[in-house]
Amino acid sequence: MSSKTIIRLDKYLSSQTKLSRSDAVKAIYHHKVTVNGKMASDPAMKVNTETDVITFNGEELSYEEFIYYLLNKPAGVVSATEDKEYKTVCDLVPKDIPVFPIGRLDIDTEGLIVLTNDGKLSHDLTSPKKHVDKKYYAKLDKDVTDEMIKAFAEGFDYGEDKPSLPALLERKCENEAYVTIHEGKFHQVKRMFKTFDREVLYLQRVSFGKLILDGSIATGEYKKIKKEDII
């Protein structure tokens, strides 16, 4: 029997709900959790994730080995699992199951980022061959021109070994735009605009693959999602 199959009840509960580990312990002590029809009272109780039936507040939980969070990243937070100086995206979600960000957003860039413990999915989504769409809202210090829209659509040299792949630049107003890219090079969006002497004053990722930042979670908040929501 795999060691992954047998885990503590409080860890099971926190990994399958939005409860923190301490809140999971309280829920068990407050008789809100049952195991195989019997009220649980010991947070350290070992449960079998494949065979035991566990309920929380009367609702049966279905165990998932892989966890996926959609986080609305705030500025000032780094896209890493740990950092000695800054708060990380992983500090904003429950700690019971180690997760990591899929791809990266600059420290001053806000918006949608996915956190997971699914290494294969992360590889698939960040592979250069996959060309997963990433859409950003950008506010610039100068206006967006027709020349820029055309250049983005055709691809151009912005300092990498190869020109950018064709990208979609949509003017929102004079100095605001949406840009959709299919790559993930270092500071790519900022560097693409810099080629046209444009400084990005504010940058927010609003979509990634099938996921859209729709206003349901505030900056700094997260929600649990499913794999099929992403791809």
# chains A, B, ... in the order shown; residues from 1 in each chain; ligands from 1
call {"tool": "select_by_dssp", "arguments": {"residues": "range 16-191 of chain A", "states": "strand (DSSP E)", "output": "MDAnalysis selection string"}}
result
chainID A and resid 33:35 38:39 46:48 54:56 59:60 68:73 100:101 110:116 134:140 168:173 176:181
call {"tool": "residues_around", "arguments": {"residues": "Lys26 in chain A", "least_positions_apart": "2", "cutoff": "12 Å", "atoms": "only C-alpha atoms", "output": "number ranges by chain"}}
result
A: 9-10, 13-14, 19-24, 28-33, 40-43, 56
call {"tool": "closest_atom_pairs", "arguments": {"of": "range 15-90 of chain A", "to": "range 121-135 of chain A", "cutoff": "12 Å", "atoms": "only C-alpha atoms", "output": "CSV"}}
result
residue,atom,partner,partner_atom,distance
A:Phe66,CA,A:Leu121,CA,10.1
A:Ile67,CA,A:Leu121,CA,11.2
A:Tyr68,CA,A:Leu121,CA,10.3
call {"tool": "write_last_selection", "arguments": {"atoms": "N, CA, C and O atoms", "output": "PDB file, in the first residue's frame"}}
result
ATOM      1  N   PHE A  66      -3.743  15.426  -7.007  1.00  0.00           N
ATOM      2  CA  PHE A  66      -3.171  16.663  -7.516  1.00  0.00           C
ATOM      3  C   PHE A  66      -4.092  17.830  -7.186  1.00  0.00           C
ATOM      4  O   PHE A  66      -5.318  17.731  -7.302  1.00  0.00           O
ATOM      5  N   ILE A  67      -3.484  18.928  -6.781  1.00  0.00           N
ATOM      6  CA  ILE A  67      -4.211  20.121  -6.365  1.00  0.00           C
ATOM      7  C   ILE A  67      -3.915  21.250  -7.346  1.00  0.00           C
ATOM      8  O   ILE A  67      -2.779  21.412  -7.808  1.00  0.00           O
ATOM      9  N   TYR A  68      -4.949  22.044  -7.656  1.00  0.00           N
ATOM     10  CA  TYR A  68      -4.786  23.163  -8.581  1.00  0.00           C
ATOM     11  C   TYR A  68      -5.459  24.400  -7.975  1.00  0.00           C
ATOM     12  O   TYR A  68      -6.616  24.348  -7.576  1.00  0.00           O
TER      13      TYR A  68
END
call {"tool": "closest_residue", "arguments": {"among": "A:Val35, A:Ala27, A:Leu92, A:Met192", "to": "Asn48 in chain A", "atoms": "only C-alpha atoms"}}
result
A:Val35
call {"tool": "select_by_dssp", "arguments": {"residues": "range 161-225 of chain A", "states": "helix (DSSP H, G or I)", "output": "list in words"}}
result
Gln188, Val189, Lys190, Arg191, Met192, Phe193 and Lys194 of chain A
call {"tool": "closest_residue", "arguments": {"among": "A:Lys150, A:Lys73, A:Lys38, A:Lys11", "to": "Arg205 in chain A", "atoms": "only C-alpha atoms"}}
result
A:Lys73
call {"tool": "residues_around", "arguments": {"residues": "Val89 in chain A", "least_positions_apart": "6", "cutoff": "8 Å", "atoms": "only C-alpha atoms", "output": "list in words"}}
result
Leu71, Lys73, Val77, Val78, Ser79, Ala80, Thr81 and Pro101 of chain A
call {"tool": "write_last_selection", "arguments": {"atoms": "C-alpha atoms", "output": "short mmCIF file (atom, residue, chain, number, x, y, z; two decimals), in the first residue's frame"}}
result
data_model
loop_
_atom_site.label_atom_id
_atom_site.label_comp_id
_atom_site.auth_asym_id
_atom_site.auth_seq_id
_atom_site.Cartn_x
_atom_site.Cartn_y
_atom_site.Cartn_z
CA LEU A 71 -4.35 32.79 -7.72
CA LYS A 73 -1.29 37.51 -7.81
CA VAL A 77 4.95 38.92 -4.55
CA VAL A 78 7.42 36.69 -6.37
CA SER A 79 6.53 33.66 -8.48
CA ALA A 80 8.57 31.13 -6.52
CA THR A 81 8.15 28.47 -3.86
CA PRO A 101 3.70 28.11 -9.82
#
call {"tool": "residues_around", "arguments": {"residues": "Gly155 in chain A", "least_positions_apart": "3", "cutoff": "10 Å", "atoms": "only C-alpha atoms", "output": "list in words"}}
result
Lys150, Ala151, Phe152, Tyr158, Lys162, Pro163, Ser164, Leu165, Pro166, Ala167, Leu168 and Met192 of chain A
call {"tool": "atom_distance", "arguments": {"atom1": "CA of Val206 in chain A", "atom2": "CA of Val179 in chain A"}}
result
9.9 Å
call {"tool": "closest_residue", "arguments": {"among": "A:Val47, A:Leu213, A:Ile7, A:Met39", "to": "Ile113 in chain A", "atoms": "only C-alpha atoms"}}
result
A:Leu213
call {"tool": "closest_residue", "arguments": {"among": "A:Gly220, A:Lys120, A:His182, A:Lys18", "to": "Lys95 in chain A", "atoms": "only C-alpha atoms"}}
result
A:Lys18
call {"tool": "atom_distance", "arguments": {"atom1": "CA of Tyr69 in chain A", "atom2": "CA of Ile230 in chain A"}}
result
10.2 Å
call {"tool": "atom_distance", "arguments": {"atom1": "CA of Asp52 in chain A", "atom2": "CA of Tyr12 in chain A"}}
result
11.1 Å
call {"tool": "decode", "arguments": {"residues": "range 134-153 of chain A", "atoms": "N, CA and C atoms", "output": "compact mmCIF listing (two decimals), in the first residue's frame"}}
result
# COMPACT_ATOMS: atom_id res chain seq x y z
N LYS A 134 -1.47 33.35 -23.51
CA LYS A 134 -1.42 34.14 -22.28
C LYS A 134 -1.80 35.57 -22.64
N LYS A 135 -2.87 36.07 -22.02
CA LYS A 135 -3.37 37.40 -22.37
C LYS A 135 -3.13 38.37 -21.21
N TYR A 136 -2.64 39.57 -21.56
CA TYR A 136 -2.30 40.58 -20.57
C TYR A 136 -3.03 41.89 -20.88
N TYR A 137 -3.34 42.61 -19.80
CA TYR A 137 -3.78 43.99 -19.92
C TYR A 137 -2.57 44.86 -19.58
N ALA A 138 -2.27 45.83 -20.45
CA ALA A 138 -1.11 46.70 -20.24
C ALA A 138 -1.50 48.16 -20.33
N LYS A 139 -0.99 48.95 -19.39
CA LYS A 139 -1.13 50.41 -19.45
C LYS A 139 0.25 50.97 -19.74
N LEU A 140 0.35 51.79 -20.78
CA LEU A 140 1.64 52.29 -21.26
C LEU A 140 1.79 53.78 -21.01
N ASP A 141 3.03 54.25 -21.15
CA ASP A 141 3.27 55.69 -20.97
C ASP A 141 2.98 56.48 -22.23
N LYS A 142 2.78 55.78 -23.36
CA LYS A 142 2.47 56.44 -24.62
C LYS A 142 1.39 55.65 -25.35
N ASP A 143 0.92 56.19 -26.46
CA ASP A 143 -0.19 55.59 -27.16
C ASP A 143 0.23 54.32 -27.91
N VAL A 144 -0.79 53.49 -28.22
CA VAL A 144 -0.62 52.29 -29.03
C VAL A 144 -0.90 52.65 -30.48
N THR A 145 0.05 52.39 -31.37
CA THR A 145 -0.09 52.78 -32.77
C THR A 145 -0.47 51.61 -33.66
N ASP A 146 -0.96 51.94 -34.85
CA ASP A 146 -1.27 50.90 -35.83
C ASP A 146 -0.02 50.14 -36.24
N GLU A 147 1.11 50.86 -36.27
CA GLU A 147 2.39 50.22 -36.61
C GLU A 147 2.71 49.11 -35.61
N MET A 148 2.47 49.37 -34.32
CA MET A 148 2.74 48.37 -33.29
C MET A 148 1.82 47.16 -33.44
N ILE A 149 0.55 47.43 -33.71
CA ILE A 149 -0.42 46.34 -33.88
C ILE A 149 0.01 45.42 -35.02
N LYS A 150 0.46 46.02 -36.10
CA LYS A 150 0.90 45.25 -37.27
C LYS A 150 2.16 44.45 -36.95
N ALA A 151 3.11 45.09 -36.26
CA ALA A 151 4.36 44.41 -35.92
C ALA A 151 4.12 43.23 -34.98
N PHE A 152 3.26 43.42 -33.99
CA PHE A 152 2.94 42.32 -33.07
C PHE A 152 2.34 41.16 -33.84
N ALA A 153 1.47 41.45 -34.80
CA ALA A 153 0.80 40.40 -35.57
C ALA A 153 1.77 39.62 -36.44
